[in-house]
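Worksheet for the structure shown next.
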Amino acid sequence: MTDRYASFVQSAAGRALVKRLGLPDPPRLRRHRPGDPLLPGPALLGAATGGRLAEPVTTILTAAGVELADPAAATAPGDTPQRYGALLFDATGITDSTELRQLYDFFHPQARSVLPSGRVIVLGTPPQECATPREATAQRALEGLVRSIGKEFGRGSTAQLVYVSGNAAHSAGTITSLESTIRFLLSGRSAYVSGQVIRVGGGAAASAPADWDRPLDGQVVLVTGAARGIGAALAKVLARDGARVVALDIPAAGDALAAVANDIGGTAVQLDLTAPDAPTRLAEHLASRHGRVDVVVHNAGITRDKTLGRMDADRWDQVIDVNLSSQERINDVLLERELIPAGGRIISVSSIAGIAGNRGQTNYATSKAGVIGLVDSLAPALRERGISVNAVAPGFIETRLTARIPLVVREAGRRMNSLAQGGLPVDVAETIGWLAWPASGAVSGNVVRVCGQSLLGA
Ligand code: NAD
């Protein structure tokens, strides 16, 4: 799928027309290429008085080769304004609404200083962990700032809030996963993720990789629905990052599946996930070939759209079965046979339709909201076993699935987000990749939208 409008806008004639008519102006997004630096320019790090994260974050940024700007130099009057690849602010010291002013004081002078595809990250304390109602209130307020910056700064920049647990009992895993999260959010891997609230810590352990360019080295990863679209992109991204990929799809997609698996040196499993014996056949395959599966990515999904009054029961049943019930049956068998070890991951693909609902998609939205329920219920239940559970919720992604949407609705879906364009399969793949890294073990129970901060489902 190509977005012809976005290509036109990036041409000289297109740029002139967009300016003259005030048309939507989708920027070219910075996407990850192995070997690229994390940021296109230096980072400016600020902190509220009494914050607890400025020190570990400085260490993380320095280790990642990020140049740190001097905050004093940045505010000197008469200086040529400095441009930044990222603005980071440790807001954990804010314990009362009157102290929110520190956010204004840091961000206001820098509102025009962020480079194209720059990054804004605010770090906070999860409100439920706060010592007083006032602190919890002030920490909750951070969401509004971040989501608005995501809509204001433009030119492909993104903004996120990361709530970092202060629970000392989990501190080792928390700081490693804060590092994996900061690296992901600063890099081009998170090109289409904006306006998100991510919770780090209070859960499973995490281990840093020997090489951050191969964060999945040696991990055995199962990807369902891998023959095309997001699943095929996922198989490539995970293999690039060092994983041994088991690619699964229906027998009818066998040729495309074999091509994906051959391309990345992975293995192919032809299996219809809704077959009654699918969970046991899959478990037997994984046990005999690999002895385990470190990461399970439930990506396979279907749509069978009709408004509820016109929908036959088959459409309802198929969608719930492929998108939700089959995931539950597979999880049950893999967990029962202890094939997912401590440090393992379950990652499901939901959708913004599962958050906002969608006309003509009662079956699909029900299944995708169910996926979020699966994360909410399994993440705490599996914490003791050291297994983390998360989901991504894609918005408008350019695949065969969205190519079938009527033109006008398709254009609306593409433009109605902060980045004024659809995402690419690789954007969803990179986000799932980060959740799969052993270093991200302390990220659990999250649903991260990959939607360019879509206005739908807001
Ligand atoms: P796609 O149709 O291109 O690919 C889905 C794959 O799943 C296909 O290869 C298909 O053969 C496989 N599959 C379907 N039923 C299966 C079964 N019973 N057993 C095994 N494999 C099966 O779709 P996509 O756009 O790549 O979507 C991937 C996931 O992302 C889906 O869960 C979808 O709901 C979700 N999603 C996509 C978008 C988007 O904009 N494309 C948005 C939100 C969510």
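Residue names in the structure tokens use chain letters A, B, ... in the order shown, residue numbers from 1 in each chain, and ligand numbers from 1 in the order shown.
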
(message) So that I can check the surroundings of region 101-112 of chain A, please list as a list in words every protein, DNA and RNA residue that reaches within 10 Å of it, counting only C-alpha atoms and ignoring chain neighbours fewer than 6 positions away.
(response)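 In the requested form, the answer reads Leu44, Leu45, Gly46, Ala47, Ala48, Thr49, Pro71, Ala74, Thr75, Pro81, Gln82, Arg83, Tyr84, Leu87, Leu88, Phe89, Asp90, Ala91, Ile94, Val120, Val122, Leu142, Leu145, Ile149, Glu152, Phe153 and Gly154 of chain A.
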
Can you write out the residues you just picked, keeping C-alpha atoms, as a short mmCIF file (atom, residue, chain, number, x, y, z; two decimals), in the first residue's frame?
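Result written to again20.cif:
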data_model
loop_
_atom_site.label_atom_id
_atom_site.label_comp_id
_atom_site.auth_asym_id
_atom_site.auth_seq_id
_atom_site.Cartn_x
_atom_site.Cartn_y
_atom_site.Cartn_z
CA LEU A 44 18.11 18.21 27.09
CA LEU A 45 17.34 16.65 30.47
CA GLY A 46 15.45 18.59 33.14
CA ALA A 47 14.17 17.57 36.55
CA ALA A 48 11.69 18.83 39.11
CA THR A 49 13.15 19.49 42.53
CA PRO A 71 20.69 23.23 30.67
CA ALA A 74 20.30 26.44 26.80
CA THR A 75 18.70 29.33 28.64
CA PRO A 81 18.71 28.84 20.16
CA GLN A 82 19.97 25.28 20.46
CA ARG A 83 18.03 22.52 18.66
CA TYR A 84 17.41 19.23 20.44
CA LEU A 87 13.58 16.81 25.70
CA LEU A 88 13.36 14.62 28.80
CA PHE A 89 11.93 15.71 32.13
CA ASP A 90 12.01 13.86 35.43
CA ALA A 91 8.72 14.88 37.06
CA ILE A 94 6.30 16.84 41.80
CA VAL A 120 9.63 14.29 24.36
CA VAL A 122 8.22 12.84 30.78
CA LEU A 142 1.21 14.71 33.56
CA LEU A 145 0.62 17.72 29.23
CA ILE A 149 2.58 18.19 23.39
CA GLU A 152 1.32 20.50 19.29
CA PHE A 153 5.00 20.03 18.50
CA GLY A 154 4.51 18.54 15.00
#

(request) List all protein, DNA and RNA residues that have at least one atom no more than 7 Å from any atom of ligand 1, counting only C-alpha atoms and all ligand atoms, and write them as JSON, numbers by chain. (result) {"A": [224, 225, 226, 227, 228, 229, 230, 231, 248, 249, 250, 253, 271, 272, 273, 274, 299, 300, 301, 302, 303, 322, 323, 349, 350, 351, 352, 393, 394, 395, 396, 397, 398, 399, 400, 401, 402]}

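Among the candidates A:Ala353, A:Val220, A:Ala243, A:Ile264, the one nearest to Ile340 (chain A) when counting only C-alpha atoms is A:Val220.
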
(request) Any chance you could list, as a PyMOL selection string, the residues in region 40-261 of chain A that come up strand (DSSP E or B) when DSSP is run on the backbone? (result) chain A and resi 43-47+68+84-90+114-124+158-164+196-200+220-224+244-249

(request) Could you tell me which of A:Ala313, A:Leu123, A:Val200, A:Ala233 comes closest to Leu424 (chain A) if we count only C-alpha atoms? (result) A:Ala233

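Distances to Thr174 (chain A) were evaluated for A:Ala442, A:Cys451, A:Val260, A:Leu100 using only C-alpha atoms, and the minimum falls at A:Ala442.
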
(message) Considering only alpha helix (DSSP H) as DSSP defines it on the backbone, what residues of region 183-389 of chain A qualify? List them as a ChimeraX atom specification.
(response) /A:183-186,229-240,254-264,278-289,313-320,326-336,353-356,362-382

Got time to write the residues from that selection, C-alpha atoms, as a short mmCIF file (atom, residue, chain, number, x, y, z; two decimals), in the first residue's frame?
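New file out_6.cif:
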data_model
loop_
_atom_site.label_atom_id
_atom_site.label_comp_id
_atom_site.auth_asym_id
_atom_site.auth_seq_id
_atom_site.Cartn_x
_atom_site.Cartn_y
_atom_site.Cartn_z
CA ARG A 183 16.21 3.50 24.00
CA PHE A 184 13.06 2.41 22.15
CA LEU A 185 11.25 5.73 22.58
CA LEU A 186 14.22 7.89 21.51
CA GLY A 229 1.31 -7.78 6.58
CA ILE A 230 2.33 -6.95 10.14
CA GLY A 231 3.31 -10.57 10.90
CA ALA A 232 5.80 -10.74 8.01
CA ALA A 233 7.35 -7.40 9.05
CA LEU A 234 7.52 -8.70 12.60
CA ALA A 235 9.36 -11.86 11.61
CA LYS A 236 11.96 -9.73 9.78
CA VAL A 237 12.44 -7.22 12.61
CA LEU A 238 12.76 -9.93 15.28
CA ALA A 239 15.27 -11.91 13.20
CA ARG A 240 17.28 -8.73 12.50
CA GLY A 254 2.10 -21.89 2.85
CA ASP A 255 4.12 -20.43 -0.04
CA ALA A 256 4.18 -16.89 1.32
CA LEU A 257 4.99 -18.26 4.78
CA ALA A 258 7.89 -20.34 3.45
CA ALA A 259 9.25 -17.26 1.66
CA VAL A 260 9.18 -15.23 4.90
CA ALA A 261 10.81 -18.04 6.92
CA ASN A 262 13.53 -18.69 4.29
CA ASP A 263 14.32 -15.00 4.02
CA ILE A 264 15.17 -14.77 7.73
CA ALA A 278 -3.77 -26.64 17.09
CA PRO A 279 -2.56 -25.91 20.66
CA THR A 280 -1.17 -29.41 21.24
CA ARG A 281 0.40 -29.67 17.76
CA LEU A 282 2.04 -26.29 18.27
CA ALA A 283 3.26 -27.21 21.76
CA GLU A 284 4.73 -30.47 20.45
CA HIS A 285 6.49 -28.66 17.60
CA LEU A 286 8.02 -26.08 19.95
CA ALA A 287 9.02 -28.71 22.53
CA SER A 288 10.71 -31.01 20.01
CA ARG A 289 12.45 -28.29 17.95
CA ALA A 313 -23.53 -15.83 13.46
CA ASP A 314 -20.63 -17.29 11.43
CA ARG A 315 -18.98 -13.90 11.09
CA TRP A 316 -19.27 -13.36 14.82
CA ASP A 317 -17.94 -16.83 15.71
CA GLN A 318 -14.97 -16.78 13.31
CA VAL A 319 -13.69 -13.42 14.46
CA ILE A 320 -13.97 -14.18 18.19
CA SER A 326 -7.55 -19.38 20.02
CA GLN A 327 -5.03 -17.17 21.86
CA GLU A 328 -6.45 -18.29 25.19
CA ARG A 329 -6.34 -21.99 24.24
CA ILE A 330 -2.72 -21.70 23.06
CA ASN A 331 -1.62 -19.78 26.16
CA ASP A 332 -3.25 -22.42 28.38
CA VAL A 333 -1.42 -25.33 26.76
CA LEU A 334 1.98 -23.59 26.53
CA LEU A 335 1.75 -22.49 30.17
CA GLU A 336 0.49 -25.84 31.40
CA ALA A 353 -11.18 -0.57 17.49
CA GLY A 354 -10.96 -2.56 20.73
CA ILE A 355 -10.59 0.72 22.64
CA ALA A 356 -13.04 2.99 20.84
CA THR A 362 -18.93 -5.29 16.75
CA ASN A 363 -17.35 -8.74 16.41
CA TYR A 364 -13.83 -7.40 15.80
CA ALA A 365 -14.00 -4.71 18.51
CA THR A 366 -15.31 -7.27 21.01
CA SER A 367 -12.43 -9.63 20.21
CA LYS A 368 -9.84 -6.85 20.41
CA ALA A 369 -11.21 -5.45 23.70
CA GLY A 370 -11.04 -9.05 24.93
CA VAL A 371 -7.34 -9.06 24.08
CA ILE A 372 -6.92 -6.08 26.42
CA GLY A 373 -8.82 -8.04 29.08
CA LEU A 374 -6.41 -10.91 28.53
CA VAL A 375 -3.47 -8.58 29.28
CA ASP A 376 -5.19 -7.11 32.36
CA SER A 377 -5.95 -10.53 33.81
CA LEU A 378 -2.87 -12.55 32.79
CA ALA A 379 -0.17 -9.97 33.58
CA PRO A 380 -0.69 -10.07 37.38
CA ALA A 381 -1.40 -13.81 37.33
CA LEU A 382 1.90 -14.62 35.57
#

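Nearest residue to Gly344 (chain A), choosing from A:Ser165, A:Ser187, A:Asn390, A:Thr267 and counting only C-alpha atoms: A:Asn390.
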
(request) Please indicate the distance in Å from CA of Val162 (chain A) to CA of Glu99 (chain A), rounded to one decimal place. (result) 18.7 Å

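Pairwise distance (CA of Asp3 (chain A), CA of Gly423 (chain A)) equals 10.1 Å.
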